[in-house]
>>> print(open('entry36.cif').read())   # mmCIF, C-alpha atoms
data_work
#
loop_
_atom_site.label_atom_id
_atom_site.label_comp_id
_atom_site.auth_asym_id
_atom_site.auth_seq_id
_atom_site.Cartn_x
_atom_site.Cartn_y
_atom_site.Cartn_z
CA MET A 1 -46.51 46.79 -4.71
CA GLY A 2 -43.06 48.28 -4.24
CA GLU A 3 -39.78 46.45 -4.69
CA MET A 4 -38.14 45.30 -1.46
CA VAL A 5 -34.47 45.12 -0.47
CA ARG A 6 -33.05 42.33 1.67
CA ILE A 7 -31.15 43.76 4.63
CA PRO A 8 -28.66 41.32 6.21
CA GLY A 9 -28.42 40.97 9.94
CA GLY A 10 -25.74 42.85 11.81
CA THR A 11 -24.87 45.07 14.74
CA PHE A 12 -24.38 48.81 14.80
CA LEU A 13 -24.36 51.83 17.08
CA GLN A 14 -27.74 53.49 16.72
CA GLY A 15 -27.79 57.24 17.17
CA THR A 16 -25.35 60.13 16.98
CA PRO A 17 -21.89 60.61 18.52
CA GLU A 18 -21.32 63.73 20.59
CA TRP A 19 -19.04 65.33 17.99
CA VAL A 20 -21.99 65.57 15.61
CA LEU A 21 -24.05 67.47 18.18
CA ASP A 22 -21.08 69.79 18.68
CA MET A 23 -20.94 70.30 14.92
CA LEU A 24 -24.67 71.00 14.77
CA GLY A 25 -24.32 73.53 17.57
CA ARG A 26 -21.75 75.45 15.51
CA ALA A 27 -23.47 75.04 12.15
CA ASP A 28 -25.49 77.64 10.26
CA GLN A 29 -28.81 76.08 11.22
CA PRO A 30 -31.59 77.54 13.39
CA PHE A 31 -31.94 74.88 16.10
CA PRO A 32 -30.12 74.65 19.45
CA ARG A 33 -27.91 71.68 20.25
CA GLU A 34 -30.56 70.27 22.63
CA TRP A 35 -32.98 69.91 19.70
CA PHE A 36 -30.94 66.95 18.45
CA ALA A 37 -29.95 65.46 21.82
CA ASP A 38 -32.59 62.71 21.67
CA GLU A 39 -30.26 61.05 19.13
CA THR A 40 -27.76 60.39 21.95
CA PRO A 41 -26.12 58.44 23.45
CA GLN A 42 -25.25 55.86 20.84
CA VAL A 43 -26.64 52.43 21.70
CA ARG A 44 -25.44 49.12 20.28
CA ARG A 45 -28.22 47.27 18.48
CA ALA A 46 -28.43 43.81 16.92
CA VAL A 47 -30.55 43.47 13.79
CA ARG A 48 -31.95 40.26 12.32
CA PRO A 49 -32.28 39.98 8.52
CA TYR A 50 -35.42 41.61 7.10
CA LEU A 51 -36.89 43.15 3.97
CA ILE A 52 -37.65 46.84 3.52
CA ASP A 53 -39.21 48.77 0.65
CA ARG A 54 -36.63 50.29 -1.65
CA TYR A 55 -38.72 53.48 -1.79
CA PRO A 56 -41.59 55.08 0.14
CA VAL A 57 -45.09 53.92 -0.78
CA THR A 58 -46.33 55.95 -3.77
CA VAL A 59 -49.66 57.59 -4.47
CA GLY A 60 -50.31 54.98 -7.16
CA GLU A 61 -49.59 52.09 -4.80
CA PHE A 62 -51.75 53.56 -2.06
CA GLY A 63 -54.51 54.06 -4.64
CA GLY A 64 -54.47 50.32 -5.35
CA PHE A 65 -55.01 49.65 -1.66
CA VAL A 66 -57.92 52.12 -1.55
CA ARG A 67 -59.58 50.61 -4.60
CA ASP A 68 -59.22 47.08 -3.21
CA THR A 69 -60.39 47.79 0.33
CA GLY A 70 -62.46 50.97 0.20
CA HIS A 71 -60.23 52.44 2.92
CA ARG A 72 -60.89 56.09 3.77
CA THR A 73 -57.98 57.87 5.40
CA GLU A 74 -58.42 59.82 8.58
CA ALA A 75 -57.90 63.07 6.65
CA GLU A 76 -60.73 62.10 4.30
CA ARG A 77 -63.02 61.30 7.20
CA ARG A 78 -62.25 64.71 8.74
CA GLY A 79 -62.74 66.40 5.39
CA ARG A 80 -59.50 68.37 5.65
CA GLY A 81 -55.74 67.95 5.91
CA LEU A 82 -52.74 69.86 7.27
CA VAL A 83 -51.00 71.92 4.58
CA TYR A 84 -48.15 74.37 5.09
CA GLY A 85 -49.18 77.53 3.27
CA PRO A 86 -47.60 81.00 3.09
CA ASP A 87 -48.64 81.75 6.68
CA GLY A 88 -47.81 78.37 8.22
CA TRP A 89 -49.76 75.19 8.95
CA ALA A 90 -53.47 75.29 8.20
CA GLU A 91 -56.33 72.81 7.92
CA VAL A 92 -57.29 72.85 4.23
CA PRO A 93 -60.68 71.46 3.12
CA GLY A 94 -60.38 68.43 0.86
CA ALA A 95 -56.63 67.95 1.38
CA CYS A 96 -55.90 64.23 1.46
CA TRP A 97 -53.67 61.54 -0.07
CA SER A 98 -55.07 62.04 -3.60
CA ASP A 99 -55.42 65.86 -3.43
CA PRO A 100 -52.42 66.96 -1.35
CA GLY A 101 -52.97 70.72 -1.66
CA GLY A 102 -56.73 70.63 -1.19
CA ALA A 103 -59.66 69.49 -3.33
CA GLY A 104 -58.44 69.28 -6.93
CA VAL A 105 -54.94 70.63 -6.14
CA ILE A 106 -52.64 67.91 -7.46
CA PRO A 107 -49.04 68.15 -8.77
CA ASP A 108 -48.23 66.91 -12.26
CA GLY A 109 -47.19 63.25 -12.48
CA TYR A 110 -48.24 62.70 -8.90
CA GLN A 111 -48.83 58.92 -9.07
CA ASP A 112 -45.09 58.23 -8.69
CA HIS A 113 -44.61 60.59 -5.74
CA PRO A 114 -44.61 59.37 -2.12
CA VAL A 115 -48.11 59.31 -0.68
CA VAL A 116 -48.74 61.90 2.06
CA HIS A 117 -51.63 62.85 4.33
CA VAL A 118 -51.45 59.36 5.85
CA SER A 119 -51.84 58.84 9.58
CA PHE A 120 -50.17 56.09 11.57
CA GLU A 121 -53.42 54.13 11.34
CA ASP A 122 -53.59 54.59 7.56
CA ALA A 123 -49.99 53.46 7.10
CA THR A 124 -50.50 50.43 9.34
CA ALA A 125 -53.66 49.46 7.43
CA TYR A 126 -51.83 49.62 4.10
CA ALA A 127 -48.93 47.54 5.43
CA ARG A 128 -51.30 44.89 6.74
CA TRP A 129 -53.10 44.74 3.38
CA ALA A 130 -49.77 44.36 1.59
CA GLY A 131 -48.67 41.50 3.86
CA LYS A 132 -46.01 43.71 5.42
CA ARG A 133 -45.58 45.94 8.45
CA LEU A 134 -44.01 49.27 9.35
CA PRO A 135 -40.27 49.11 10.04
CA THR A 136 -38.97 49.65 13.53
CA GLU A 137 -36.81 52.70 14.12
CA VAL A 138 -33.75 50.46 14.45
CA GLU A 139 -34.49 48.74 11.13
CA TRP A 140 -35.03 52.07 9.41
CA GLU A 141 -31.72 53.55 10.58
CA PHE A 142 -29.75 50.39 9.79
CA ALA A 143 -31.19 50.31 6.25
CA ALA A 144 -30.28 53.99 5.84
CA ARG A 145 -26.60 53.75 6.81
CA GLY A 146 -25.46 50.19 7.45
CA GLU A 147 -23.05 49.09 10.17
CA GLU A 148 -20.76 52.12 9.94
CA PHE A 149 -21.75 55.59 11.10
CA ARG A 150 -22.45 58.08 8.34
CA LEU A 151 -24.30 61.38 8.41
CA TRP A 152 -26.36 60.78 5.26
CA PRO A 153 -27.12 57.56 3.39
CA TRP A 154 -24.33 58.19 0.86
CA GLY A 155 -21.68 59.36 3.34
CA ASP A 156 -20.46 62.32 5.39
CA CYS A 157 -20.12 64.94 2.62
CA TRP A 158 -23.28 66.89 1.91
CA ASP A 159 -24.41 67.17 -1.72
CA ALA A 160 -27.66 69.04 -2.40
CA GLY A 161 -28.06 67.02 -5.61
CA ASN A 162 -28.42 63.76 -3.67
CA ALA A 163 -31.71 64.36 -1.85
CA ASN A 164 -34.95 66.32 -2.04
CA THR A 165 -34.56 69.04 0.60
CA THR A 166 -35.14 72.79 0.52
CA GLU A 167 -31.48 73.12 -0.47
CA TYR A 168 -32.17 71.10 -3.60
CA HIS A 169 -34.87 73.59 -4.56
CA ALA A 170 -33.49 76.90 -3.34
CA GLY A 171 -30.01 76.71 -1.84
CA SER A 172 -29.05 76.83 1.82
CA PHE A 173 -30.67 78.85 4.61
CA THR A 174 -29.33 79.93 7.98
CA SER A 175 -32.58 81.05 9.61
CA TYR A 176 -36.25 80.22 9.72
CA GLY A 177 -36.97 83.72 8.40
CA GLN A 178 -35.01 83.03 5.21
CA TRP A 179 -36.83 79.74 4.71
CA GLN A 180 -40.20 81.39 5.29
CA ALA A 181 -39.43 84.14 2.76
CA TRP A 182 -38.55 81.51 0.13
CA TRP A 183 -41.69 79.52 0.85
CA LYS A 184 -43.98 82.58 0.70
CA ASP A 185 -42.48 83.52 -2.65
CA THR A 186 -42.92 79.94 -3.90
CA CYS A 187 -46.55 79.85 -2.77
CA ALA A 188 -47.23 83.18 -4.49
CA ARG A 189 -45.91 81.84 -7.81
CA GLU A 190 -47.09 78.23 -7.71
CA ALA A 191 -49.80 76.04 -6.20
CA VAL A 192 -49.38 75.13 -2.53
CA VAL A 193 -48.55 71.45 -2.98
CA PRO A 194 -45.77 69.20 -1.67
CA ARG A 195 -42.42 69.80 -3.36
CA SER A 196 -41.88 66.04 -3.35
CA THR A 197 -40.14 64.26 -6.21
CA PRO A 198 -40.96 60.89 -7.81
CA VAL A 199 -39.50 58.03 -5.79
CA GLY A 200 -36.12 56.98 -7.13
CA ALA A 201 -35.37 60.42 -8.60
CA PHE A 202 -31.98 60.34 -6.83
CA ALA A 203 -31.14 56.67 -7.52
CA GLY A 204 -27.41 56.12 -7.84
CA ARG A 205 -26.61 59.34 -5.99
CA GLY A 206 -28.51 59.34 -2.72
CA ASP A 207 -28.98 55.62 -2.08
CA SER A 208 -28.04 53.89 1.16
CA PRO A 209 -25.30 51.21 1.28
CA PHE A 210 -28.03 48.59 0.75
CA GLY A 211 -29.57 50.40 -2.21
CA CYS A 212 -32.54 51.96 -0.42
CA GLY A 213 -33.62 55.30 -1.88
CA ASP A 214 -35.20 58.49 -0.56
CA MET A 215 -34.05 57.84 3.00
CA ALA A 216 -32.90 61.47 3.22
CA GLY A 217 -35.55 64.03 2.40
CA ASN A 218 -38.60 63.82 0.13
CA VAL A 219 -41.06 62.83 2.91
CA TYR A 220 -40.82 61.94 6.58
CA GLU A 221 -41.67 58.29 7.26
CA TRP A 222 -43.59 56.61 10.06
CA THR A 223 -41.92 53.81 12.00
CA ALA A 224 -43.58 51.32 14.33
CA THR A 225 -41.49 52.44 17.31
CA LEU A 226 -43.01 54.23 20.29
CA SER A 227 -41.17 57.45 21.10
CA HIS A 228 -38.52 57.00 23.76
CA LEU A 229 -35.13 58.33 24.84
CA TYR A 230 -31.98 56.28 24.39
CA ALA A 231 -31.08 57.21 28.00
CA ASP A 232 -33.30 58.80 30.65
CA ALA A 233 -30.62 61.29 31.68
CA VAL A 234 -30.40 62.93 28.24
CA ARG A 235 -30.87 66.71 28.29
CA CYS A 236 -33.08 67.36 25.29
CA ASP A 237 -35.82 69.67 24.12
CA GLU A 238 -38.86 69.46 26.41
CA THR A 239 -41.21 68.82 23.48
CA VAL A 240 -39.44 65.50 22.95
CA ARG A 241 -40.02 64.48 26.57
CA MET A 242 -43.71 65.27 26.07
CA ALA A 243 -43.79 62.79 23.18
CA VAL A 244 -42.15 59.92 25.08
CA GLY A 245 -44.50 56.96 25.50
CA ARG A 246 -47.23 58.63 23.42
CA TYR A 247 -45.98 59.42 19.92
CA ARG A 248 -44.29 57.29 17.25
CA VAL A 249 -40.83 57.92 15.86
CA MET A 250 -40.59 59.28 12.32
CA ARG A 251 -37.45 59.27 10.20
CA GLY A 252 -35.82 60.69 7.09
CA GLY A 253 -36.76 64.36 6.96
CA SER A 254 -38.61 65.87 4.03
CA TRP A 255 -38.56 68.31 1.15
CA MET A 256 -39.35 71.02 3.74
CA ASN A 257 -36.15 70.42 5.71
CA LEU A 258 -32.49 71.42 5.60
CA ARG A 259 -29.54 69.04 5.41
CA TYR A 260 -29.30 68.77 9.19
CA GLN A 261 -32.77 67.29 9.57
CA VAL A 262 -32.40 64.60 6.90
CA ARG A 263 -29.46 62.80 8.52
CA CYS A 264 -29.68 59.04 9.04
CA ALA A 265 -29.93 59.44 12.83
CA ASP A 266 -32.30 62.42 12.96
CA ARG A 267 -35.58 61.77 14.79
CA MET A 268 -39.03 63.32 14.65
CA HIS A 269 -42.00 62.32 16.77
CA GLY A 270 -45.54 62.14 15.36
CA ASP A 271 -48.90 61.85 17.07
CA PRO A 272 -50.36 58.46 16.04
CA THR A 273 -53.95 59.41 16.90
CA GLY A 274 -54.98 60.71 13.50
CA TRP A 275 -52.31 63.31 12.73
CA SER A 276 -51.12 63.61 9.13
CA THR A 277 -49.61 66.32 6.91
CA PHE A 278 -48.57 66.90 3.33
CA ALA A 279 -44.91 66.28 4.23
CA HIS A 280 -44.89 62.75 5.62
CA GLY A 281 -45.59 59.25 4.36
CA PHE A 282 -44.11 55.80 5.00
CA ARG A 283 -42.42 52.68 3.64
CA CYS A 284 -42.99 49.08 4.69
CA ALA A 285 -40.84 46.24 5.99
CA LYS A 286 -41.23 42.48 6.29
CA SER A 287 -39.72 39.94 8.64
CA LEU A 288 -37.73 36.99 7.30
#
>>> encode(input="entry36.cif", output="structure tokens")
Amino acid sequence: MGEMVRIPGGTFLQGTPEWVLDMLGRADQPFPREWFADETPQVRRAVRPYLIDRYPVTVGEFGGFVRDTGHRTEAERRGRGLVYGPDGWAEVPGACWSDPGGAGVIPDGYQDHPVVHVSFEDATAYARWAGKRLPTEVEWEFAARGEEFRLWPWGDCWDAGNANTTEYHAGSFTSYGQWQAWWKDTCAREAVVPRSTPVGAFAGRGDSPFGCGDMAGNVYEWTATLSHLYADAVRCDETVRMAVGRYRVMRGGSWMNLRYQVRCADRMHGDPTGWSTFAHGFRCAKSL
């Protein structure tokens, strides 16, 4: 099972300062300022020491769990999984953790890639088997940036060579249309599989202050935290309010995202009742 990093206790301001939202509102990215408002206001948090996986759980590690327990993921039980093809999200027969693009559609060297097509239940079952648990949202963010605010795990200056995002593969985009054109061209030339990279591929460049890797991009990661707002009065996208009290917070962004969605404080909200895709996975934590 994966190597773990000891995270010391400390205090920090969770979330994003207003100047970052102002910056995002002016930036060449397709989302309105309100899309990111659930990251505000900043809230002071105290963190006790804990352990967290250095990298997301890999396909090989998840395979060991399956062999030992006979676990069948929710995607396997459905017989299909969510894959983003040339025309958007689609349920693809046979798509699951071992065949991310559909039955028999597997990238080369896939055992060292982050496992995907795992629901909240699947991730929780693996963590329990491993004698661990899912990290809380607070633990995840603290491990990603430490006590000081920083946009990305390595600092405030973007470098496309530090993380697996669409900009690592194809340069920057300023609209969804540009992204979609790139993805359609990619799908026409290559198999429709995750553009994930082996865990640790950016070690030494994209690591957090504590030495945790792949906390920006590669795959989104489940946390144990129920979706909530940092303050009830926040004016944010209505889809976020619909998730409050029902969904679970996800962190880190993925290979499908731009630099703005792989920041340490960025939040996504995932349905824990069976939902999984070929762009999100998880890492584990452990109390001390």
>>> residues_around(input="entry36.cif", residues="range 68-83 of chain A", least_positions_apart="3", cutoff="12 Å", atoms="only C-alpha atoms", output="number ranges by chain")
A: 61-65, 86-103, 105, 115-126, 128-130, 187, 191-195, 256, 272-280
>>> resolve_selection(input="entry36.cif", expression="the PyMOL selection byres ((chain A and resi 24-28) around 12)", output="list in words")
Thr16, Pro17, Glu18, Trp19, Val20, Leu21, Asp22, Met23, Gln29, Pro30, Phe31, Pro32, Arg33, Glu34, Trp35, Phe36, Ala37, Leu151, Ser172, Phe173, Thr174, Ser175, Tyr176, Leu258, Arg259, Tyr260, Gln261, Arg263 and Asp266 of chain A
>>> residues_near_point(input="entry36.cif", point="(-28.4, 39.4, 17.9)", cutoff="12 Å", atoms="all atoms listed in the file", output="VMD selection string")
chain A and resid 8 to 12 44 to 49
>>> atom_distance(input="entry36.cif", atom1="CA of Leu226 in chain A", atom2="CA of Arg248 in chain A")
4.5 Å
>>> closest_residue(input="entry36.cif", among="A:Asn257, A:Asp53, A:Thr223, A:Arg267", to="Val240 in chain A", atoms="all atoms listed in the file")
A:Arg267
